[in-house]
file protein-v1.pdb (PDB, C-alpha atoms and all ligand atoms)
MODEL        1
ATOM      1  CA  MET A   1     143.383 141.779  65.877
ATOM      2  CA  MET A   2     144.753 143.664  68.861
ATOM      3  CA  ASN A   3     146.926 141.566  71.119
ATOM      4  CA  ASN A   4     147.407 141.246  74.848
ATOM      5  CA  TRP A   5     150.019 143.742  76.151
ATOM      6  CA  GLU A   6     149.602 145.855  73.023
ATOM      7  CA  PHE A   7     148.426 149.425  73.606
ATOM      8  CA  THR A   8     146.511 151.050  70.752
ATOM      9  CA  ASP A   9     144.695 154.271  69.848
ATOM     10  CA  PHE A  10     141.451 152.407  70.558
ATOM     11  CA  ASP A  11     142.558 151.990  74.199
ATOM     12  CA  ALA A  12     143.752 155.582  74.549
ATOM     13  CA  GLU A  13     140.478 156.872  73.147
ATOM     14  CA  LEU A  14     138.373 154.651  75.412
ATOM     15  CA  PHE A  15     140.284 155.871  78.451
ATOM     16  CA  HIS A  16     139.981 159.511  77.430
ATOM     17  CA  ARG A  17     136.254 159.284  76.730
ATOM     18  CA  GLU A  18     135.080 157.183  79.666
ATOM     19  CA  LEU A  19     137.652 156.963  82.422
ATOM     20  CA  ASP A  20     139.959 159.978  82.574
ATOM     21  CA  SER A  21     137.492 162.162  84.479
ATOM     22  CA  PHE A  22     136.584 159.340  86.894
ATOM     23  CA  ILE A  23     140.009 158.273  88.166
ATOM     24  CA  PRO A  24     141.823 160.292  90.877
ATOM     25  CA  ASP A  25     145.428 161.464  90.427
ATOM     26  CA  ILE A  26     146.769 159.210  93.158
ATOM     27  CA  ILE A  27     146.280 155.465  93.091
ATOM     28  CA  PHE A  28     147.130 152.714  95.526
ATOM     29  CA  ASP A  29     146.767 149.479  93.565
ATOM     30  CA  ALA A  30     145.851 146.865  96.176
ATOM     31  CA  HIS A  31     146.225 143.801  93.946
ATOM     32  CA  ALA A  32     149.128 143.544  91.503
ATOM     33  CA  HIS A  33     151.643 140.798  90.722
ATOM     34  CA  TRP A  34     155.392 141.182  90.268
ATOM     35  CA  TYR A  35     157.228 138.223  88.761
ATOM     36  CA  ARG A  36     160.097 137.007  86.630
ATOM     37  CA  ALA A  37     159.361 134.774  83.638
ATOM     38  CA  ASP A  38     162.361 132.582  84.476
ATOM     39  CA  HIS A  39     160.756 131.533  87.775
ATOM     40  CA  PHE A  40     158.106 129.558  85.847
ATOM     41  CA  ASN A  41     158.626 126.139  84.340
ATOM     42  CA  PRO A  42     159.279 126.953  80.647
ATOM     43  CA  GLU A  43     156.978 124.069  79.624
ATOM     44  CA  SER A  44     153.957 125.543  81.392
ATOM     45  CA  ILE A  45     154.593 129.285  81.504
ATOM     46  CA  PRO A  46     151.284 131.206  81.162
ATOM     47  CA  ALA A  47     150.811 132.708  77.684
ATOM     48  CA  LEU A  48     150.251 136.140  79.228
ATOM     49  CA  VAL A  49     153.617 136.008  81.027
ATOM     50  CA  LYS A  50     155.368 134.686  77.931
ATOM     51  CA  ALA A  51     154.047 137.574  75.826
ATOM     52  CA  GLY A  52     155.029 140.291  78.314
ATOM     53  CA  PRO A  53     158.189 141.653  79.923
ATOM     54  CA  PRO A  54     160.512 138.878  81.192
ATOM     55  CA  ILE A  55     161.184 140.819  84.382
ATOM     56  CA  ALA A  56     157.997 142.403  85.685
ATOM     57  CA  GLY A  57     158.960 144.304  88.820
ATOM     58  CA  GLY A  58     158.586 147.960  89.712
ATOM     59  CA  ALA A  59     159.984 149.451  86.496
ATOM     60  CA  ALA A  60     157.981 147.238  84.119
ATOM     61  CA  PHE A  61     154.892 147.779  86.263
ATOM     62  CA  ASP A  62     155.244 151.576  86.092
ATOM     63  CA  HIS A  63     155.635 151.441  82.321
ATOM     64  CA  ALA A  64     152.689 149.089  81.805
ATOM     65  CA  ILE A  65     150.302 150.709  84.286
ATOM     66  CA  GLU A  66     150.865 154.086  82.609
ATOM     67  CA  GLN A  67     148.874 152.590  79.705
ATOM     68  CA  ILE A  68     145.946 151.602  81.925
ATOM     69  CA  THR A  69     145.832 154.761  84.073
ATOM     70  CA  PRO A  70     147.974 157.425  82.338
ATOM     71  CA  ARG A  71     149.352 160.438  84.239
ATOM     72  CA  ARG A  72     148.541 158.923  87.640
ATOM     73  CA  LYS A  73     150.980 158.268  90.459
ATOM     74  CA  THR A  74     150.604 154.623  91.424
ATOM     75  CA  GLU A  75     151.914 152.801  94.485
ATOM     76  CA  GLY A  76     150.554 149.460  95.542
ATOM     77  CA  LEU A  77     150.326 146.203  97.399
ATOM     78  CA  PHE A  78     152.373 143.771  95.345
ATOM     79  CA  PHE A  79     152.760 140.010  95.526
ATOM     80  CA  PRO A  80     154.221 137.229  93.387
ATOM     81  CA  PHE A  81     152.303 135.508  90.596
ATOM     82  CA  PRO A  82     151.112 132.180  92.035
ATOM     83  CA  HIS A  83     151.281 129.342  89.541
ATOM     84  CA  PRO A  84     151.284 125.525  89.714
ATOM     85  CA  SER A  85     154.711 125.445  88.054
ATOM     86  CA  ILE A  86     156.187 127.554  90.865
ATOM     87  CA  ARG A  87     156.417 125.094  93.752
ATOM     88  CA  ASP A  88     159.278 126.804  95.577
ATOM     89  CA  VAL A  89     158.021 130.273  96.388
ATOM     90  CA  SER A  90     161.259 131.535  97.933
ATOM     91  CA  LYS A  91     162.686 133.008  94.711
ATOM     92  CA  PRO A  92     159.498 134.960  93.855
ATOM     93  CA  ASN A  93     159.385 136.271  97.432
ATOM     94  CA  GLU A  94     163.046 137.324  97.247
ATOM     95  CA  PHE A  95     162.353 139.110  93.965
ATOM     96  CA  LEU A  96     159.398 140.920  95.551
ATOM     97  CA  PHE A  97     161.550 141.973  98.514
ATOM     98  CA  HIS A  98     164.294 143.189  96.189
ATOM     99  CA  GLU A  99     161.902 145.259  94.053
ATOM    100  CA  LEU A 100     160.259 146.844  97.089
ATOM    101  CA  GLN A 101     163.569 148.268  98.311
ATOM    102  CA  SER A 102     163.329 151.134  95.823
ATOM    103  CA  ARG A 103     159.651 151.765  96.581
ATOM    104  CA  PRO A 104     159.164 152.931 100.158
ATOM    105  CA  ASN A 105     155.502 153.881  99.618
ATOM    106  CA  SER A 106     154.461 150.480  98.317
ATOM    107  CA  ARG A 107     153.994 147.267 100.298
ATOM    108  CA  GLY A 108     154.383 143.540  99.708
ATOM    109  CA  GLN A 109     152.553 140.348 100.553
ATOM    110  CA  MET A 110     154.484 137.110 100.777
ATOM    111  CA  LEU A 111     153.343 134.183  98.639
ATOM    112  CA  ILE A 112     152.615 131.217 100.918
ATOM    113  CA  THR A 113     151.773 127.549 100.395
ATOM    114  CA  PRO A 114     149.631 125.541 102.832
ATOM    115  CA  ASP A 115     152.516 123.235 103.782
ATOM    116  CA  MET A 116     154.645 126.165 104.966
ATOM    117  CA  ASP A 117     155.631 126.262 108.635
ATOM    118  CA  PRO A 118     153.749 129.171 110.263
ATOM    119  CA  GLU A 119     156.870 130.132 112.249
ATOM    120  CA  LEU A 120     158.838 130.433 109.001
ATOM    121  CA  ILE A 121     156.121 132.762 107.691
ATOM    122  CA  ARG A 122     156.495 134.886 110.818
ATOM    123  CA  GLU A 123     160.268 134.991 110.401
ATOM    124  CA  ILE A 124     160.215 135.930 106.697
ATOM    125  CA  THR A 125     157.515 138.594 106.995
ATOM    126  CA  ARG A 126     159.431 140.221 109.870
ATOM    127  CA  LYS A 127     162.772 140.035 108.091
ATOM    128  CA  CYS A 128     161.446 141.331 104.756
ATOM    129  CA  GLY A 129     158.881 143.809 106.106
ATOM    130  CA  PHE A 130     156.015 142.161 104.245
ATOM    131  CA  VAL A 131     152.635 143.451 105.453
ATOM    132  CA  GLY A 132     150.658 140.385 104.511
ATOM    133  CA  LEU A 133     150.256 136.997 102.888
ATOM    134  CA  LYS A 134     149.043 135.813  99.499
ATOM    135  CA  CYS A 135     147.613 132.292  99.447
ATOM    136  CA  TYR A 136     146.319 130.559  96.337
ATOM    137  CA  HIS A 137     144.233 127.521  95.511
ATOM    138  CA  VAL A 138     146.745 126.029  93.052
ATOM    139  CA  TYR A 139     148.775 124.948  96.118
ATOM    140  CA  SER A 140     145.810 123.119  97.676
ATOM    141  CA  PRO A 141     146.109 119.327  98.015
ATOM    142  CA  THR A 142     142.431 119.018  96.968
ATOM    143  CA  ILE A 143     141.982 118.074  93.303
ATOM    144  CA  PRO A 144     140.586 119.821  91.370
ATOM    145  CA  THR A 145     141.941 122.759  93.348
ATOM    146  CA  PHE A 146     138.957 124.878  92.226
ATOM    147  CA  ASP A 147     136.821 122.788  94.629
ATOM    148  CA  SER A 148     139.047 123.540  97.632
ATOM    149  CA  PHE A 149     137.728 124.698 100.954
ATOM    150  CA  ILE A 150     139.497 127.788 102.295
ATOM    151  CA  GLU A 151     141.204 125.680 104.993
ATOM    152  CA  ASP A 152     142.808 123.531 102.269
ATOM    153  CA  PHE A 153     144.976 126.374 100.998
ATOM    154  CA  LEU A 154     144.880 128.713 104.002
ATOM    155  CA  PRO A 155     145.279 126.550 107.116
ATOM    156  CA  GLU A 156     144.249 127.985 110.460
ATOM    157  CA  PRO A 157     147.783 128.092 111.994
ATOM    158  CA  GLN A 158     148.817 130.470 109.189
ATOM    159  CA  VAL A 159     145.815 132.695 109.927
ATOM    160  CA  GLN A 160     146.828 132.707 113.576
ATOM    161  CA  ILE A 161     150.290 133.989 112.621
ATOM    162  CA  ALA A 162     148.641 136.716 110.529
ATOM    163  CA  HIS A 163     146.603 137.678 113.605
ATOM    164  CA  GLU A 164     149.620 137.718 115.906
ATOM    165  CA  GLU A 165     151.676 139.766 113.436
ATOM    166  CA  GLY A 166     148.831 142.059 112.253
ATOM    167  CA  LEU A 167     149.148 140.865 108.651
ATOM    168  CA  SER A 168     146.695 141.101 105.764
ATOM    169  CA  ILE A 169     145.765 138.067 103.670
ATOM    170  CA  THR A 170     144.596 138.352 100.065
ATOM    171  CA  LEU A 171     142.275 135.424  99.452
ATOM    172  CA  HIS A 172     140.879 134.430  96.066
ATOM    173  CA  MET A 173     138.080 132.093  97.117
ATOM    174  CA  VAL A 174     137.162 129.141  94.964
ATOM    175  CA  ARG A 175     134.359 126.501  94.898
ATOM    176  CA  PRO A 176     131.707 126.981  92.225
ATOM    177  CA  GLN A 177     129.567 129.521  94.086
ATOM    178  CA  ALA A 178     132.339 131.455  95.891
ATOM    179  CA  LEU A 179     130.690 133.718  98.508
ATOM    180  CA  ALA A 180     127.303 132.005  98.037
ATOM    181  CA  ASP A 181     128.934 128.763  99.261
ATOM    182  CA  VAL A 182     127.948 128.146 102.886
ATOM    183  CA  ALA A 183     131.261 126.467 103.759
ATOM    184  CA  ASN A 184     133.170 129.514 102.478
ATOM    185  CA  GLN A 185     130.901 131.834 104.477
ATOM    186  CA  GLN A 186     131.375 129.827 107.669
ATOM    187  CA  THR A 187     135.163 129.754 107.373
ATOM    188  CA  LEU A 188     135.361 133.490 106.687
ATOM    189  CA  ARG A 189     133.237 134.237 109.735
ATOM    190  CA  ARG A 190     135.197 131.858 111.922
ATOM    191  CA  TYR A 191     138.632 133.122 110.825
ATOM    192  CA  CYS A 192     137.669 136.806 111.050
ATOM    193  CA  ARG A 193     136.020 136.464 114.478
ATOM    194  CA  LYS A 194     138.711 134.302 116.042
ATOM    195  CA  TYR A 195     141.633 136.315 114.595
ATOM    196  CA  PRO A 196     140.574 139.994 114.719
ATOM    197  CA  ASN A 197     144.067 141.400 114.032
ATOM    198  CA  MET A 198     144.265 139.502 110.752
ATOM    199  CA  LYS A 199     143.052 141.671 107.853
ATOM    200  CA  MET A 200     141.179 139.603 105.293
ATOM    201  CA  ILE A 201     141.085 140.987 101.738
ATOM    202  CA  LEU A 202     138.708 139.054  99.480
ATOM    203  CA  ALA A 203     140.114 139.280  95.970
ATOM    204  CA  HIS A 204     137.952 139.967  92.917
ATOM    205  CA  ALA A 205     134.961 141.325  94.891
ATOM    206  CA  ALA A 206     134.826 138.052  96.879
ATOM    207  CA  ARG A 207     135.401 136.278  93.556
ATOM    208  CA  GLY A 208     132.285 137.935  92.296
ATOM    209  CA  PHE A 209     133.004 137.055  88.667
ATOM    210  CA  ASN A 210     129.378 135.971  88.726
ATOM    211  CA  ALA A 211     127.845 138.899  90.645
ATOM    212  CA  HIS A 212     124.947 136.787  91.871
ATOM    213  CA  HIS A 213     127.259 134.799  94.148
ATOM    214  CA  THR A 214     128.484 137.938  95.921
ATOM    215  CA  ILE A 215     124.952 139.390  96.022
ATOM    216  CA  LEU A 216     123.613 136.171  97.593
ATOM    217  CA  GLY A 217     126.431 135.814 100.122
ATOM    218  CA  ILE A 218     127.431 139.305 101.185
ATOM    219  CA  GLN A 219     124.972 139.523 104.108
ATOM    220  CA  SER A 220     126.793 136.611 105.748
ATOM    221  CA  LEU A 221     129.793 138.902 106.325
ATOM    222  CA  LYS A 222     127.879 141.738 107.962
ATOM    223  CA  GLY A 223     129.308 142.752 111.307
ATOM    224  CA  LEU A 224     132.853 141.628 110.503
ATOM    225  CA  ASP A 225     135.244 144.587 110.772
ATOM    226  CA  ASN A 226     138.482 142.963 109.620
ATOM    227  CA  ILE A 227     137.410 142.234 106.049
ATOM    228  CA  TRP A 228     138.006 144.140 102.803
ATOM    229  CA  PHE A 229     137.341 143.511  99.105
ATOM    230  CA  ASP A 230     139.484 144.302  96.089
ATOM    231  CA  THR A 231     138.006 145.101  92.682
ATOM    232  CA  SER A 232     140.755 143.431  90.634
ATOM    233  CA  ALA A 233     139.799 141.877  87.283
ATOM    234  CA  VAL A 234     136.077 142.155  87.994
ATOM    235  CA  THR A 235     134.470 143.440  84.825
ATOM    236  CA  ASP A 236     130.803 142.563  85.340
ATOM    237  CA  CYS A 237     128.562 144.893  87.330
ATOM    238  CA  GLY A 238     126.691 143.989  90.493
ATOM    239  CA  ALA A 239     129.198 142.505  92.928
ATOM    240  CA  VAL A 240     130.962 145.739  93.896
ATOM    241  CA  GLU A 241     127.617 147.522  94.231
ATOM    242  CA  ALA A 242     126.410 144.783  96.627
ATOM    243  CA  ILE A 243     129.606 145.110  98.696
ATOM    244  CA  ILE A 244     129.324 148.908  98.931
ATOM    245  CA  ARG A 245     125.680 148.670 100.005
ATOM    246  CA  ALA A 246     126.184 145.913 102.583
ATOM    247  CA  MET A 247     129.645 146.710 103.966
ATOM    248  CA  GLY A 248     130.300 150.361 103.041
ATOM    249  CA  HIS A 249     132.618 151.895 100.453
ATOM    250  CA  GLU A 250     135.405 152.016 103.090
ATOM    251  CA  LYS A 251     135.869 148.283 102.562
ATOM    252  CA  VAL A 252     136.527 148.495  98.829
ATOM    253  CA  LEU A 253     140.090 148.626  97.473
ATOM    254  CA  TYR A 254     140.937 149.292  93.852
ATOM    255  CA  GLY A 255     143.217 146.687  92.256
ATOM    256  CA  SER A 256     144.468 146.302  88.677
ATOM    257  CA  ASP A 257     145.462 142.623  88.900
ATOM    258  CA  PHE A 258     148.514 143.515  86.781
ATOM    259  CA  PRO A 259     149.425 141.669  84.502
ATOM    260  CA  VAL A 260     145.827 140.433  84.017
ATOM    261  CA  SER A 261     145.100 144.140  83.391
ATOM    262  CA  HIS A 262     146.898 143.697  80.064
ATOM    263  CA  LEU A 263     144.788 140.831  78.763
ATOM    264  CA  ARG A 264     142.101 141.720  76.260
ATOM    265  CA  GLY A 265     138.578 140.656  77.060
ATOM    266  CA  ARG A 266     136.053 140.514  79.841
ATOM    267  CA  CYS A 267     134.938 138.087  82.470
ATOM    268  CA  VAL A 268     131.164 137.718  82.276
ATOM    269  CA  ALA A 269     128.588 135.835  84.322
ATOM    270  CA  LEU A 270     127.103 132.923  82.433
ATOM    271  CA  GLY A 271     124.477 130.688  84.021
ATOM    272  CA  ASP A 272     125.686 129.834  87.528
ATOM    273  CA  SER A 273     129.332 130.388  86.567
ATOM    274  CA  PHE A 274     131.450 132.799  84.524
ATOM    275  CA  ILE A 275     133.687 132.825  81.481
ATOM    276  CA  TRP A 276     136.639 134.891  80.263
ATOM    277  CA  ILE A 277     135.836 136.174  76.784
ATOM    278  CA  SER A 278     138.979 136.500  74.659
ATOM    279  CA  ASN A 279     139.984 136.839  71.028
ATOM    280  CA  GLU A 280     140.933 133.173  71.101
ATOM    281  CA  ASN A 281     137.737 131.630  72.468
ATOM    282  CA  THR A 282     135.006 133.829  70.982
ATOM    283  CA  ASN A 283     133.799 134.583  67.481
ATOM    284  CA  LEU A 284     133.814 138.379  67.409
ATOM    285  CA  GLU A 285     132.446 138.713  63.870
ATOM    286  CA  VAL A 286     128.873 139.965  64.244
ATOM    287  CA  PRO A 287     126.392 141.238  61.662
ATOM    288  CA  TYR A 288     126.881 144.826  62.898
ATOM    289  CA  GLY A 289     130.650 144.820  62.541
ATOM    290  CA  LYS A 290     133.743 143.395  64.196
ATOM    291  CA  ILE A 291     134.021 143.659  67.961
ATOM    292  CA  LYS A 292     137.314 144.958  69.333
ATOM    293  CA  LEU A 293     138.109 143.765  72.835
ATOM    294  CA  ALA A 294     139.350 146.316  75.371
ATOM    295  CA  LEU A 295     142.000 145.683  78.016
ATOM    296  CA  VAL A 296     140.765 143.963  81.184
ATOM    297  CA  GLY A 297     142.258 146.836  83.210
ATOM    298  CA  HIS A 298     139.979 149.281  81.415
ATOM    299  CA  GLU A 299     136.940 146.998  81.525
ATOM    300  CA  SER A 300     137.388 146.697  85.288
ATOM    301  CA  LEU A 301     137.613 150.475  85.701
ATOM    302  CA  ARG A 302     134.433 150.852  83.630
ATOM    303  CA  MET A 303     132.725 148.428  86.024
ATOM    304  CA  LEU A 304     133.969 150.438  89.004
ATOM    305  CA  LYS A 305     132.680 153.675  87.470
ATOM    306  CA  ILE A 306     129.211 152.163  87.075
ATOM    307  CA  ALA A 307     129.326 150.861  90.667
ATOM    308  CA  ALA A 308     130.252 154.341  91.927
ATOM    309  CA  LEU A 309     127.410 155.922  89.944
ATOM    310  CA  ALA A 310     124.887 153.289  91.049
ATOM    311  CA  THR A 311     125.728 153.691  94.741
ATOM    312  CA  GLY A 312     126.086 157.487  94.611
ATOM    313  CA  LEU A 313     129.727 157.695  95.716
ATOM    314  CA  SER A 314     131.042 161.245  96.078
ATOM    315  CA  ASP A 315     134.439 162.297  94.698
ATOM    316  CA  SER A 316     136.048 161.860  98.103
ATOM    317  CA  MET A 317     134.513 158.388  98.476
ATOM    318  CA  ILE A 318     135.922 157.464  95.061
ATOM    319  CA  GLU A 319     139.338 158.671  96.275
ATOM    320  CA  ASP A 320     138.905 156.397  99.285
ATOM    321  CA  VAL A 321     138.435 153.410  96.981
ATOM    322  CA  PHE A 322     141.462 154.343  94.866
ATOM    323  CA  HIS A 323     143.846 155.078  97.734
ATOM    324  CA  GLY A 324     142.418 156.288 101.071
ATOM    325  CA  ASN A 325     141.037 152.955 102.247
ATOM    326  CA  ALA A 326     144.316 151.171 101.531
ATOM    327  CA  ARG A 327     146.297 153.943 103.231
ATOM    328  CA  ARG A 328     144.289 153.436 106.416
ATOM    329  CA  LEU A 329     144.435 149.670 106.184
ATOM    330  CA  PHE A 330     148.250 149.660 105.933
ATOM    331  CA  ASN A 331     148.868 152.747 108.118
ATOM    332  CA  LEU A 332     150.667 154.584 105.302
TER     333      LEU A 332
HETATM  334 ZN    ZN B   1     145.669 138.399  90.900
ENDMDL
END

call {"tool": "encode", "arguments": {"input": "protein-v1.pdb", "output": "structure tokens", "more": "lines below"}}
Ligand SMILES: [Zn+2]
result
Amino acid sequence: MMNNWEFTDFDAELFHRELDSFIPDIIFDAHAHWYRADHFNPESIPALVKAGPPIAGGAAFDHAIEQITPRRKTEGLFFPFPHPSIRDVSKPNEFLFHELQSRPNSRGQMLITPDMDPELIREITRKCGFVGLKCYHVYSPTIPTFDSFIEDFLPEPQVQIAHEEGLSITLHMVRPQALADVANQQTLRRYCRKYPNMKMILAHAARGFNAHHTILGIQSLKGLDNIWFDTSAVTDCGAVEAIIRAMGHEKVLYGSDFPVSHLRGRCVALGDSFIWISNENTNLEVPYGKIKLALVGHESLRMLKIAALATGLSDSMIEDVFHGNARRLFNL
């Protein structure tokens, strides 16, 4: 069995055969996490973090991402790894700031929690030069946090600060139907209309892990200019195509979701939900052989290639998705 983080001939061959000719030389990775393993509670550290480099900043990222997209020059929008065992986000934010000092062409988003004073967010983003905010449902007071409304983990006063400071916000929506959820749609419209200088980035193709949710909900965002979508960790087809058709390819940002890029498996739509297929939870012995799982980073690039083919993107439009759109968004 091939493990997470392990890079094999199978992966190199898959990249060479399917992806090498599709991916531009220059990449801006709009969704990647930098972290230190010792910032997590050792009792509840995620298995993926435990199995990987203990210090995953710029150097470890460069080494690891060379396996996913070899021979490319990658800069990015980096943020900490949000996790329930990390309640005090100041150390992860300091680590992010520290790592960005040697990377003038990359940018950082500060990890925030809903109880954080908006004025403190303003002060830290100014002091550290962060271009945006990363919120996450695990910090929501609603239990289970997967049922949270956007306001529960991204309160309006924090959005107002983002507007006043011209910051981006990467939002991984939750609730069972994500963008097909009317409450999510209403909040997105309200926040984007009321705070036009805030730049909303909907992670995972508007959490389109089940493409039908993004397909059903995408029309609700038409007419909003300050909204973008990253492709990170989306491995099923349909959601990115729907976004390109409804909003334009200019709104799509490539993201690896490092270190999720180094998991093996795929996230697939199942019924009205989705599931992450892994070596651990799926019987991969089939009558026609033994299935080898690819890296999520490669599965997501395969999805993006199909989306580009399906929507007829030209080479220069594909370059936009991989770096041009992010360059314009962050004035790089
Ligand atoms: Zn992520």

call {"tool": "residues_around", "arguments": {"input": "protein-v1.pdb", "residues": "Ala211 of chain A", "least_positions_apart": "4", "cutoff": "7 Å", "atoms": "only C-alpha atoms", "output": "PDB file with C-alpha atoms, in the frame of the given file"}}
result
ATOM      1  CA  ILE A 215     124.952 139.390  96.022  1.00  0.00           C
ATOM      2  CA  CYS A 237     128.562 144.893  87.330  1.00  0.00           C
ATOM      3  CA  GLY A 238     126.691 143.989  90.493  1.00  0.00           C
ATOM      4  CA  ALA A 239     129.198 142.505  92.928  1.00  0.00           C
TER       5      ALA A 239
END

call {"tool": "resolve_selection", "arguments": {"input": "protein-v1.pdb", "expression": "the PyMOL selection byres (((chain A and resi 148-156) around 7) and not hetatm)", "output": "list in words"}}
result
Thr113, Pro114, Cys135, Tyr136, His137, Tyr139, Ser140, Pro141, Thr142, Thr145, Phe146, Asp147, Pro157, Gln158, Val159, Gln160, Met173, Val174, Arg175, Asn184 and Thr187 of chain A

call {"tool": "write_last_selection", "arguments": {"input": "protein-v1.pdb", "atoms": "C-alpha atoms", "output": "PDB file, keeping the file's coordinate frame"}}
result
ATOM      1  CA  THR A 113     151.773 127.549 100.395  1.00  0.00           C
ATOM      2  CA  PRO A 114     149.631 125.541 102.832  1.00  0.00           C
ATOM      3  CA  CYS A 135     147.613 132.292  99.447  1.00  0.00           C
ATOM      4  CA  TYR A 136     146.319 130.559  96.337  1.00  0.00           C
ATOM      5  CA  HIS A 137     144.233 127.521  95.511  1.00  0.00           C
ATOM      6  CA  TYR A 139     148.775 124.948  96.118  1.00  0.00           C
ATOM      7  CA  SER A 140     145.810 123.119  97.676  1.00  0.00           C
ATOM      8  CA  PRO A 141     146.109 119.327  98.015  1.00  0.00           C
ATOM      9  CA  THR A 142     142.431 119.018  96.968  1.00  0.00           C
ATOM     10  CA  THR A 145     141.941 122.759  93.348  1.00  0.00           C
ATOM     11  CA  PHE A 146     138.957 124.878  92.226  1.00  0.00           C
ATOM     12  CA  ASP A 147     136.821 122.788  94.629  1.00  0.00           C
ATOM     13  CA  PRO A 157     147.783 128.092 111.994  1.00  0.00           C
ATOM     14  CA  GLN A 158     148.817 130.470 109.189  1.00  0.00           C
ATOM     15  CA  VAL A 159     145.815 132.695 109.927  1.00  0.00           C
ATOM     16  CA  GLN A 160     146.828 132.707 113.576  1.00  0.00           C
ATOM     17  CA  MET A 173     138.080 132.093  97.117  1.00  0.00           C
ATOM     18  CA  VAL A 174     137.162 129.141  94.964  1.00  0.00           C
ATOM     19  CA  ARG A 175     134.359 126.501  94.898  1.00  0.00           C
ATOM     20  CA  ASN A 184     133.170 129.514 102.478  1.00  0.00           C
ATOM     21  CA  THR A 187     135.163 129.754 107.373  1.00  0.00           C
TER      22      THR A 187
END

call {"tool": "resolve_selection", "arguments": {"input": "protein-v1.pdb", "expression": "the PyMOL selection byres (((chain A and resi 110) around 9) and not hetatm)", "output": "ChimeraX atom specification"}}
result
/A:78-80,89,92-93,96-97,108-109,111-112,121,124-125,130-135

call {"tool": "resolve_selection", "arguments": {"input": "protein-v1.pdb", "expression": "the PyMOL selection byres (((not hetatm)) within 8 of (chain B and resi 1))", "output": "ChimeraX atom specification"}}
result
/A:31-33,81,203,232-233,257-258,260

call {"tool": "residues_near_point", "arguments": {"input": "protein-v1.pdb", "point": "(157.5, 138.4, 85.3)", "cutoff": "9 Å", "atoms": "only C-alpha atoms", "output": "PyMOL selection string"}}
result
chain A and resi 33-40+49-50+52-57+60+80-81+259

call {"tool": "atom_distance", "arguments": {"input": "protein-v1.pdb", "atom1": "atom CA of Ala326 of chain A", "atom2": "atom CA of Lys199 of chain A"}}
result
11.5 Å

call {"tool": "closest_residue", "arguments": {"input": "protein-v1.pdb", "among": "A:Leu221, A:Leu120, A:Ile201, A:Val138", "to": "Ile161 of chain A", "atoms": "all atoms listed in the file"}}
result
A:Leu120

call {"tool": "atom_distance", "arguments": {"input": "protein-v1.pdb", "atom1": "atom CA of Glu75 of chain A", "atom2": "atom CA of Leu313 of chain A"}}
result
22.8 Å

call {"tool": "residues_near_point", "arguments": {"input": "protein-v1.pdb", "point": "(138.8, 140.8, 113.5)", "cutoff": "8 Å", "atoms": "all atoms listed in the file", "output": "compact mmCIF listing (two decimals) with C-alpha atoms, in the coordinates of the input"}}
result
# COMPACT_ATOMS: atom_id res chain seq x y z
CA CYS A 192 137.67 136.81 111.05
CA ARG A 193 136.02 136.46 114.48
CA LYS A 194 138.71 134.30 116.04
CA TYR A 195 141.63 136.32 114.60
CA PRO A 196 140.57 139.99 114.72
CA ASN A 197 144.07 141.40 114.03
CA MET A 198 144.26 139.50 110.75
CA LYS A 199 143.05 141.67 107.85
CA LEU A 224 132.85 141.63 110.50
CA ASP A 225 135.24 144.59 110.77
CA ASN A 226 138.48 142.96 109.62
CA ILE A 227 137.41 142.23 106.05

call {"tool": "atom_distance", "arguments": {"input": "protein-v1.pdb", "atom1": "atom CA of Ala206 of chain A", "atom2": "atom CA of Gly255 of chain A"}}
result
12.9 Å

call {"tool": "closest_residue", "arguments": {"input": "protein-v1.pdb", "among": "A:Ile243, A:Met317, A:Leu284, A:Ala269", "to": "Gln219 of chain A", "atoms": "all atoms listed in the file"}}
result
A:Ile243

call {"tool": "closest_residue", "arguments": {"input": "protein-v1.pdb", "among": "A:Gly208, A:Pro84, A:Pro24, A:Gly217", "to": "Ile45 of chain A", "atoms": "all atoms listed in the file"}}
result
A:Pro84

call {"tool": "decode", "arguments": {"input": "protein-v1.pdb", "residues": "segment 98-102 of chain A", "atoms": "N, CA, C and O atoms", "output": "PDB file, in the first residue's frame"}}
result
ATOM      1  N   HIS A  98       6.618  34.809  10.144  1.00  0.00           N
ATOM      2  CA  HIS A  98       8.050  34.517  10.092  1.00  0.00           C
ATOM      3  C   HIS A  98       8.438  33.877   8.754  1.00  0.00           C
ATOM      4  O   HIS A  98       9.409  34.276   8.106  1.00  0.00           O
ATOM      5  N   GLU A  99       7.660  32.885   8.327  1.00  0.00           N
ATOM      6  CA  GLU A  99       7.979  32.175   7.080  1.00  0.00           C
ATOM      7  C   GLU A  99       7.825  33.056   5.844  1.00  0.00           C
ATOM      8  O   GLU A  99       8.514  32.866   4.842  1.00  0.00           O
ATOM      9  N   LEU A 100       6.921  34.017   5.925  1.00  0.00           N
ATOM     10  CA  LEU A 100       6.688  34.890   4.758  1.00  0.00           C
ATOM     11  C   LEU A 100       7.828  35.895   4.548  1.00  0.00           C
ATOM     12  O   LEU A 100       7.961  36.453   3.458  1.00  0.00           O
ATOM     13  N   GLN A 101       8.628  36.117   5.578  1.00  0.00           N
ATOM     14  CA  GLN A 101       9.689  37.118   5.469  1.00  0.00           C
ATOM     15  C   GLN A 101      10.695  36.794   4.361  1.00  0.00           C
ATOM     16  O   GLN A 101      11.268  37.686   3.753  1.00  0.00           O
ATOM     17  N   SER A 102      10.883  35.493   4.100  1.00  0.00           N
ATOM     18  CA  SER A 102      11.835  35.110   3.056  1.00  0.00           C
ATOM     19  C   SER A 102      11.135  34.842   1.725  1.00  0.00           C
ATOM     20  O   SER A 102      11.707  34.215   0.836  1.00  0.00           O
TER      21      SER A 102
END
